[in-house]
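**Student:** Next comes the structure file upload.txt, holding compact mmCIF, C-alpha atoms.
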```txt
# COMPACT_ATOMS: atom_id res chain seq x y z
CA TYR A 225 20.27 44.93 -27.96
CA TYR A 226 21.61 46.32 -24.72
CA TYR A 227 24.71 47.88 -23.27
CA LYS A 228 25.93 47.32 -19.74
CA SER A 229 28.22 49.79 -18.01
CA LEU A 230 30.17 48.29 -15.12
CA GLU A 231 31.39 50.38 -12.18
CA THR A 232 32.33 47.03 -10.70
CA LEU A 233 31.58 43.57 -11.98
CA ALA A 234 28.91 43.18 -9.32
CA GLY A 235 27.15 46.36 -10.47
CA ASP A 236 23.73 46.15 -12.04
CA GLN A 237 23.74 49.24 -14.25
CA VAL A 238 22.06 47.93 -17.37
CA ARG A 239 21.10 50.40 -20.05
CA THR A 240 18.82 49.27 -22.82
CA ILE A 241 19.19 50.76 -26.25
CA PRO A 242 15.81 50.78 -28.00
CA ILE A 243 16.56 51.00 -31.70
CA TYR A 244 13.19 50.02 -33.18
CA ASP A 245 11.88 53.55 -33.65
CA THR A 246 15.16 54.71 -35.15
CA LEU A 247 15.18 51.91 -37.70
CA LEU A 248 11.50 52.47 -38.43
CA ALA A 249 12.18 56.13 -39.18
CA HIS A 250 14.68 55.00 -41.84
CA LYS A 251 12.68 52.04 -43.15
CA ASP A 252 12.90 53.21 -46.77
CA GLU A 253 16.71 53.03 -46.68
CA TYR A 254 18.99 50.03 -47.28
CA LEU A 255 18.94 48.75 -43.69
CA TYR A 256 18.67 45.01 -44.38
CA PHE A 257 19.94 42.88 -47.20
CA LYS A 258 17.52 41.44 -49.72
CA THR A 259 19.26 38.07 -50.02
CA ASP A 260 20.49 37.69 -46.43
CA HIS A 261 19.13 37.87 -42.87
CA HIS A 262 21.69 40.39 -41.58
CA TRP A 263 21.34 44.13 -41.42
CA THR A 264 23.60 46.29 -43.55
CA ALA A 265 26.30 48.58 -42.19
CA LEU A 266 23.80 51.42 -42.59
CA GLY A 267 21.31 49.68 -40.30
CA ALA A 268 24.10 49.02 -37.81
CA TYR A 269 25.16 52.66 -38.06
CA TYR A 270 21.76 53.91 -36.93
CA ALA A 271 21.95 51.56 -33.93
CA TYR A 272 25.41 52.95 -33.23
CA THR A 273 24.02 56.49 -33.09
CA ASP A 274 21.46 55.33 -30.52
CA TRP A 275 24.25 53.73 -28.49
CA ALA A 276 26.24 56.97 -28.64
CA ALA A 277 23.27 58.88 -27.21
CA VAL A 278 23.03 56.44 -24.28
CA LYS A 279 26.78 56.41 -23.74
CA GLY A 280 26.98 60.20 -23.94
CA VAL A 281 29.50 60.41 -26.76
CA THR A 282 29.31 62.08 -30.15
CA PRO A 283 28.83 59.60 -32.99
CA HIS A 284 30.92 60.00 -36.10
CA SER A 285 29.10 60.85 -39.30
CA LEU A 286 29.26 58.42 -42.19
CA ASP A 287 31.15 60.90 -44.36
CA GLN A 288 34.06 60.76 -41.90
CA PHE A 289 34.76 57.15 -42.83
CA GLU A 290 36.34 55.64 -45.90
CA LYS A 291 33.57 53.64 -47.56
CA LYS A 292 34.13 50.28 -49.23
CA GLU A 293 31.64 48.47 -51.47
CA PHE A 294 31.58 44.78 -52.33
CA PRO A 295 28.88 43.98 -54.90
CA GLY A 296 27.54 40.56 -55.83
CA PHE A 297 26.59 39.31 -52.35
CA LEU A 298 24.13 36.39 -52.23
CA GLY A 299 23.40 35.65 -48.60
CA SER A 300 21.59 33.16 -46.39
CA TYR A 301 18.14 33.60 -47.95
CA TYR A 302 19.55 32.81 -51.35
CA SER A 303 21.57 29.82 -50.11
CA THR A 304 18.40 28.39 -48.55
CA LEU A 305 15.92 29.15 -51.31
CA GLN A 306 18.16 29.08 -54.39
CA SER A 307 15.73 31.58 -55.85
CA GLU A 308 16.40 32.83 -59.35
CA GLU A 309 14.71 36.10 -58.39
CA LEU A 310 17.17 36.60 -55.54
CA ARG A 311 20.13 35.54 -57.65
CA SER A 312 19.25 38.16 -60.24
CA HIS A 313 19.13 40.89 -57.55
CA PRO A 314 22.32 40.45 -55.51
CA ASP A 315 23.19 42.74 -52.63
CA THR A 316 26.11 45.10 -52.26
CA VAL A 317 27.95 44.93 -48.95
CA GLU A 318 28.88 48.44 -47.86
CA ALA A 319 31.48 48.88 -45.13
CA TYR A 320 33.01 51.86 -43.33
CA VAL A 321 36.68 51.68 -42.36
CA PRO A 322 37.48 52.91 -38.81
CA MET A 323 39.61 56.04 -38.70
CA GLY A 324 42.08 55.11 -35.96
CA VAL A 325 43.06 51.61 -37.04
CA ASN A 326 42.00 48.89 -39.47
CA THR A 327 43.91 45.97 -37.97
CA MET A 328 42.84 43.33 -35.49
CA GLN A 329 43.76 39.89 -34.24
CA PHE A 330 41.50 36.87 -33.94
CA THR A 331 41.74 33.37 -32.54
CA GLN A 332 40.11 30.51 -34.40
CA THR A 333 38.41 27.47 -32.87
CA ASP A 334 41.63 25.48 -33.39
CA GLY A 335 43.55 28.01 -31.28
CA GLN A 336 45.45 29.56 -34.18
CA THR A 337 45.81 33.34 -33.91
CA LEU A 338 45.85 35.48 -37.03
CA ASN A 339 46.25 39.16 -37.85
CA TRP A 340 43.50 40.58 -40.05
CA ASN A 341 41.74 43.73 -41.18
CA ILE A 342 38.67 45.06 -39.37
CA ILE A 343 37.22 45.82 -42.79
CA ASN A 344 38.77 43.29 -45.12
CA ASP A 345 38.78 43.38 -48.91
CA VAL A 346 36.41 40.61 -50.00
CA SER A 347 36.15 41.70 -53.63
CA ASN A 348 37.34 38.30 -54.85
CA TYR A 349 35.48 36.20 -52.27
CA GLN A 350 32.64 33.92 -53.29
CA ALA A 351 29.22 35.56 -53.41
CA GLY A 352 27.98 33.80 -50.27
CA VAL A 353 30.70 34.97 -47.89
CA LYS A 354 31.11 38.67 -48.61
CA TYR A 355 29.51 39.59 -45.25
CA SER A 356 32.75 38.29 -43.71
CA CYS A 357 34.37 41.61 -44.64
CA PHE A 358 33.42 42.71 -41.11
CA VAL A 359 35.82 41.84 -38.22
CA ALA A 360 37.01 38.54 -39.78
CA GLY A 361 33.58 36.92 -39.44
CA ASP A 362 32.74 34.69 -36.48
CA ASN A 363 35.52 33.51 -34.19
CA PRO A 364 35.68 32.57 -30.50
CA TYR A 365 37.79 35.58 -29.57
CA SER A 366 39.08 38.70 -31.33
CA ILE A 367 40.80 41.86 -30.15
CA ILE A 368 41.09 45.33 -31.63
CA GLU A 369 43.61 47.79 -30.20
CA ASN A 370 43.36 51.40 -31.34
CA PRO A 371 46.68 53.28 -30.96
CA ALA A 372 44.88 56.58 -31.54
CA ILE A 373 43.20 56.23 -28.11
CA THR A 374 45.29 56.02 -24.95
CA ASP A 375 42.76 56.52 -22.14
CA GLY A 376 42.62 52.87 -21.09
CA SER A 377 39.01 52.49 -22.25
CA SER A 378 37.88 48.99 -23.12
CA CYS A 379 34.80 46.94 -23.82
CA VAL A 380 33.71 43.39 -24.46
CA VAL A 381 31.17 42.63 -27.16
CA VAL A 382 29.36 39.33 -26.52
CA LYS A 383 27.81 38.56 -29.85
CA GLU A 384 26.86 36.51 -32.82
CA SER A 385 27.16 37.56 -36.45
CA PHE A 386 24.66 40.45 -36.27
CA ALA A 387 27.24 42.44 -34.30
CA ASN A 388 29.89 42.17 -36.99
CA ALA A 389 28.66 45.16 -38.98
CA PHE A 390 28.24 47.21 -35.77
CA ILE A 391 31.65 46.71 -34.16
CA PRO A 392 33.68 48.80 -36.65
CA PHE A 393 31.76 51.89 -35.50
CA LEU A 394 32.93 51.30 -31.91
CA VAL A 395 36.61 51.21 -32.84
CA ASP A 396 37.16 54.96 -32.62
CA HIS A 397 35.64 55.15 -29.13
CA TYR A 398 37.74 52.55 -27.26
CA GLU A 399 41.42 51.83 -26.82
CA THR A 400 40.68 48.09 -26.68
CA ILE A 401 37.72 46.09 -27.94
CA HIS A 402 37.39 42.42 -27.00
CA ILE A 403 35.00 40.38 -29.13
CA ILE A 404 33.56 37.14 -27.80
CA ASP A 405 31.29 34.97 -29.92
CA TYR A 406 29.41 33.00 -27.28
CA ARG A 407 28.67 30.19 -29.74
CA TYR A 408 32.35 29.21 -29.83
CA TYR A 409 34.04 30.79 -26.82
CA GLN A 410 35.20 28.51 -24.01
CA GLY A 411 35.43 30.18 -20.63
CA SER A 412 33.70 32.68 -18.38
CA VAL A 413 32.97 36.19 -19.63
CA THR A 414 32.66 37.24 -16.00
CA ASP A 415 36.22 36.12 -15.25
CA PHE A 416 37.43 37.71 -18.47
CA VAL A 417 35.95 41.09 -17.50
CA ARG A 418 37.54 40.90 -14.06
CA GLU A 419 40.95 39.84 -15.29
CA ASN A 420 41.10 42.47 -18.03
CA GLN A 421 39.46 45.27 -16.00
CA VAL A 422 36.93 45.92 -18.74
CA GLN A 423 34.59 48.87 -18.21
CA ASP A 424 31.77 48.22 -20.72
CA VAL A 425 30.04 45.02 -21.79
CA PHE A 426 27.75 44.78 -24.79
CA PHE A 427 25.33 42.01 -25.63
CA LEU A 428 24.56 42.44 -29.30
CA ASN A 429 22.54 39.74 -31.00
CA SER A 430 19.66 39.27 -33.40
CA LEU A 431 16.22 38.05 -32.35
CA ASP A 432 17.34 34.53 -33.24
CA ALA A 433 19.24 34.54 -29.95
CA ILE A 434 16.08 34.69 -27.83
CA GLY A 435 14.13 32.29 -30.01
CA ASP A 436 16.60 29.43 -29.83
CA VAL A 437 16.93 27.48 -26.57
CA ASP A 438 20.29 26.04 -27.55
CA MET A 439 21.70 29.52 -28.20
CA MET A 440 20.39 30.80 -24.88
CA ASN A 441 21.88 27.83 -23.07
CA ARG A 442 25.18 28.44 -24.81
CA MET A 443 25.18 32.10 -23.76
CA ALA A 444 24.29 31.14 -20.20
CA SER A 445 27.24 28.71 -20.11
CA ILE A 446 29.76 31.54 -20.45
CA LEU A 447 27.92 33.67 -17.86
CA PRO A 448 28.09 31.48 -14.74
CA GLU A 449 25.07 31.67 -12.46
CA GLY A 450 25.62 33.92 -9.45
CA GLU A 451 28.46 35.84 -11.10
```
Hey, can you dump this file as structure tokens for me?
**Tutor:**
Amino acid sequence: YYYKSLETLAGDQVRTIPIYDTLLAHKDEYLYFKTDHHWTALGAYYAYTDWAAVKGVTPHSLDQFEKKEFPGFLGSYYSTLQSEELRSHPDTVEAYVPMGVNTMQFTQTDGQTLNWNIINDVSNYQAGVKYSCFVAGDNPYSIIENPAITDGSSCVVVKESFANAFIPFLVDHYETIHIIDYRYYQGSVTDFVRENQVQDVFFLNSLDAIGDVDMMNRMASILPEGE
């Protein structure tokens, strides 16, 4: 994972955020689901604290957030293996509601724009899709505007689904958060940053992103060479 701070778009200030040691120090906690390949909100939270140290801001403590729990989650490992052992030990999706705002807007692949909750109630969703409680799941483009912050701060998160549990922790640090899922987005992130005068750009992905040529090519397609 890494975070890029842009004085200008042509700047090359790239700050890496090494989270391995932090996660290792908490390895006995519920950092990753048992039935799914994603990390939990707790795992994402520890990465958020490392980001805050690099950014130079004070991270919020977990007890400052309203906590939601959605039991009965059977994720990607279960859907692939159909293991009775996994089915009998479902996960609980824990989520932390941002303090400033819990509303967002997202645009689907068909171009339809919908209003949604950053942390959505998925209590009645099917067992396999409860991870979608975070930022409406995976869509080409989403935007979060926090009325509690009026300093003009903004960021773009270029991501796949691993970022979904992380983004809610950013909400109380930016006036505007743009979310671009490079697997579905059509256009240039470089142009987007210029046009919207975005200060910070995140690339937040799992290791799958660097182990899949198609995914890397897709990411490269929205970051034009020489830009």
**Student:** Provide the atom CA of Val381 of chain A to atom CA of Val422 of chain A distance in Å, to one decimal place.
**Tutor:**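 Computing it gives 10.7 Å between the two atoms.
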**Student:** Which residues are near segment 240-246 of chain A? Cut-off 12 Å, only C-alpha atoms, ignore same chain within fewer than 2 positions. Put them as a ChimeraX atom specification.
**Tutor:** /A:225-229,237-238,248-253,255,266-279,426-428
**Student:** Which residue out of A:Asp345, A:Asp438, A:Asp287, A:Asp375 has the minimum interatomic distance to Gln423 of chain A when only C-alpha atoms are used?
**Tutor:**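 Checking each of A:Asp345, A:Asp438, A:Asp287, A:Asp375 against Gln423 of chain A, counting only C-alpha atoms, the winner is A:Asp375.
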**Student:** Provide the atom CA of Tyr365 of chain A to atom CA of Asp436 of chain A distance in Å, to one decimal place.
**Tutor:**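 Here the two named atoms are 22.1 Å from each other.
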**Student:** So that all listed atoms of segment 337-350 of chain A fit with 5 Å spare on each side, what axis-aligned box centre and edge lengths in Å, to one decimal, would you give as JSON?
**Tutor:**
```
{"center_x": 39.4, "center_y": 39.6, "center_z": -44.4, "size_x": 23.6, "size_y": 22.5, "size_z": 30.9}
```
**Student:** Between A:Arg442, A:Asn420, A:Tyr349, A:His397, which residue has the minimum interatomic distance to Gly280 of chain A, considering only C-alpha atoms?
**Tutor:**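 With only C-alpha atoms as the atom set, the closest residue is A:His397.
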**Student:** Of the candidates A:Ile367, A:Val317, A:Ala372, A:Leu447, which shows the shortest atom-to-atom distance to Gly299 of chain A, using only C-alpha atoms?
**Tutor:** A:Val317
**Student:** What does the structure give for the distance between atom CA of Asn326 of chain A and atom CA of Ile342 of chain A, in Å to one decimal?
**Tutor:**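 Between these atoms lies a distance of 5.1 Å.
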**Student:** I want to know what sits within 9 Å of Gly296 of chain A, based on all atoms listed in the file, with residues of the same chain fewer than 6 positions away left out; could you give that as a VMD selection string?
**Tutor:** chain A and resid 313 to 317 347 350 to 352 354
**Student:** Write out as a PyMOL selection string which residues come within 10 Å of His402 of chain A when counting all atoms listed in the file, dropping same-chain ones fewer than 5 positions away.
**Tutor:** chain A and resi 329-330+365-369+378-382+416-417+420+422+425
**Student:** Go through A:Ile404, A:Val413, A:Met443, A:Met328 and flag the residue nearest Asn341 of chain A, using all atoms listed in the file for the distances.
**Tutor:** A:Met328
**Student:** Any idea what's packed within 12 Å of Tyr301 of chain A, counting all atoms listed in the file, ignoring anything in its chain fewer than 4 positions away? Could you give it as a VMD selection string?
**Tutor:** chain A and resid 256 to 262 297 305 to 311 314 to 315 352
**Student:** Compile the contact shell of Tyr398 of chain A as a ChimeraX atom specification: residues with an atom at most 8 Å away, counting all atoms listed in the file, same-chain residues fewer than 2 positions apart removed.
**Tutor:** /A:370,373,376-379,394-396,400-401
**Student:** Could segment 401-420 of chain A be completed with N, CA, C and O atoms and written as an mmCIF file, in the coordinates of the input, please?
**Tutor:**
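The resulting result12.cif:
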```
data_model
loop_
_atom_site.group_PDB
_atom_site.id
_atom_site.type_symbol
_atom_site.label_atom_id
_atom_site.label_comp_id
_atom_site.auth_asym_id
_atom_site.auth_seq_id
_atom_site.Cartn_x
_atom_site.Cartn_y
_atom_site.Cartn_z
ATOM 1 N N ILE A 401 39.008 46.769 -27.790
ATOM 2 C CA ILE A 401 37.720 46.090 -27.940
ATOM 3 C C ILE A 401 37.975 44.590 -27.964
ATOM 4 O O ILE A 401 38.743 44.089 -28.798
ATOM 5 N N HIS A 402 37.362 43.879 -27.033
ATOM 6 C CA HIS A 402 37.390 42.420 -27.000
ATOM 7 C C HIS A 402 36.087 41.908 -27.606
ATOM 8 O O HIS A 402 35.006 42.417 -27.276
ATOM 9 N N ILE A 403 36.182 40.928 -28.466
ATOM 10 C CA ILE A 403 35.000 40.380 -29.130
ATOM 11 C C ILE A 403 34.900 38.900 -28.781
ATOM 12 O O ILE A 403 35.829 38.128 -29.048
ATOM 13 N N ILE A 404 33.776 38.520 -28.188
ATOM 14 C CA ILE A 404 33.560 37.140 -27.800
ATOM 15 C C ILE A 404 32.296 36.620 -28.473
ATOM 16 O O ILE A 404 31.203 37.159 -28.266
ATOM 17 N N ASP A 405 32.453 35.618 -29.305
ATOM 18 C CA ASP A 405 31.290 34.970 -29.920
ATOM 19 C C ASP A 405 30.905 33.801 -29.011
ATOM 20 O O ASP A 405 31.619 32.808 -28.921
ATOM 21 N N TYR A 406 29.789 33.967 -28.322
ATOM 22 C CA TYR A 406 29.410 33.000 -27.280
ATOM 23 C C TYR A 406 29.130 31.611 -27.833
ATOM 24 O O TYR A 406 29.102 30.625 -27.093
ATOM 25 N N ARG A 407 28.932 31.501 -29.140
ATOM 26 C CA ARG A 407 28.670 30.190 -29.740
ATOM 27 C C ARG A 407 29.919 29.323 -29.776
ATOM 28 O O ARG A 407 29.816 28.091 -29.871
ATOM 29 N N TYR A 408 31.098 29.939 -29.691
ATOM 30 C CA TYR A 408 32.350 29.210 -29.830
ATOM 31 C C TYR A 408 33.317 29.422 -28.673
ATOM 32 O O TYR A 408 34.256 28.635 -28.508
ATOM 33 N N TYR A 409 33.106 30.446 -27.880
ATOM 34 C CA TYR A 409 34.040 30.790 -26.820
ATOM 35 C C TYR A 409 33.963 29.771 -25.681
ATOM 36 O O TYR A 409 32.880 29.355 -25.276
ATOM 37 N N GLN A 410 35.117 29.406 -25.149
ATOM 38 C CA GLN A 410 35.200 28.510 -24.010
ATOM 39 C C GLN A 410 35.748 29.307 -22.825
ATOM 40 O O GLN A 410 36.855 29.825 -22.887
ATOM 41 N N GLY A 411 34.972 29.422 -21.782
ATOM 42 C CA GLY A 411 35.430 30.180 -20.630
ATOM 43 C C GLY A 411 34.334 31.055 -20.076
ATOM 44 O O GLY A 411 33.198 31.045 -20.565
ATOM 45 N N SER A 412 34.654 31.820 -19.066
ATOM 46 C CA SER A 412 33.700 32.680 -18.380
ATOM 47 C C SER A 412 33.919 34.129 -18.780
ATOM 48 O O SER A 412 35.019 34.669 -18.613
ATOM 49 N N VAL A 413 32.883 34.764 -19.315
ATOM 50 C CA VAL A 413 32.970 36.190 -19.630
ATOM 51 C C VAL A 413 33.168 36.991 -18.349
ATOM 52 O O VAL A 413 33.895 37.986 -18.324
ATOM 53 N N THR A 414 32.522 36.562 -17.289
ATOM 54 C CA THR A 414 32.660 37.240 -16.000
ATOM 55 C C THR A 414 34.121 37.285 -15.565
ATOM 56 O O THR A 414 34.634 38.343 -15.178
ATOM 57 N N ASP A 415 34.802 36.155 -15.614
ATOM 58 C CA ASP A 415 36.220 36.120 -15.250
ATOM 59 C C ASP A 415 37.045 36.979 -16.193
ATOM 60 O O ASP A 415 37.984 37.662 -15.773
ATOM 61 N N PHE A 416 36.687 36.931 -17.476
ATOM 62 C CA PHE A 416 37.430 37.710 -18.470
ATOM 63 C C PHE A 416 37.347 39.201 -18.162
ATOM 64 O O PHE A 416 38.343 39.917 -18.218
ATOM 65 N N VAL A 417 36.143 39.669 -17.822
ATOM 66 C CA VAL A 417 35.950 41.090 -17.500
ATOM 67 C C VAL A 417 36.775 41.472 -16.286
ATOM 68 O O VAL A 417 37.424 42.524 -16.248
ATOM 69 N N ARG A 418 36.749 40.635 -15.269
ATOM 70 C CA ARG A 418 37.540 40.900 -14.060
ATOM 71 C C ARG A 418 39.035 40.978 -14.368
ATOM 72 O O ARG A 418 39.724 41.920 -13.984
ATOM 73 N N GLU A 419 39.508 39.960 -15.065
ATOM 74 C CA GLU A 419 40.950 39.840 -15.290
ATOM 75 C C GLU A 419 41.482 40.958 -16.175
ATOM 76 O O GLU A 419 42.630 41.392 -16.025
ATOM 77 N N ASN A 420 40.644 41.442 -17.097
ATOM 78 C CA ASN A 420 41.100 42.470 -18.030
ATOM 79 C C ASN A 420 40.616 43.870 -17.662
ATOM 80 O O ASN A 420 40.869 44.814 -18.406
#
```
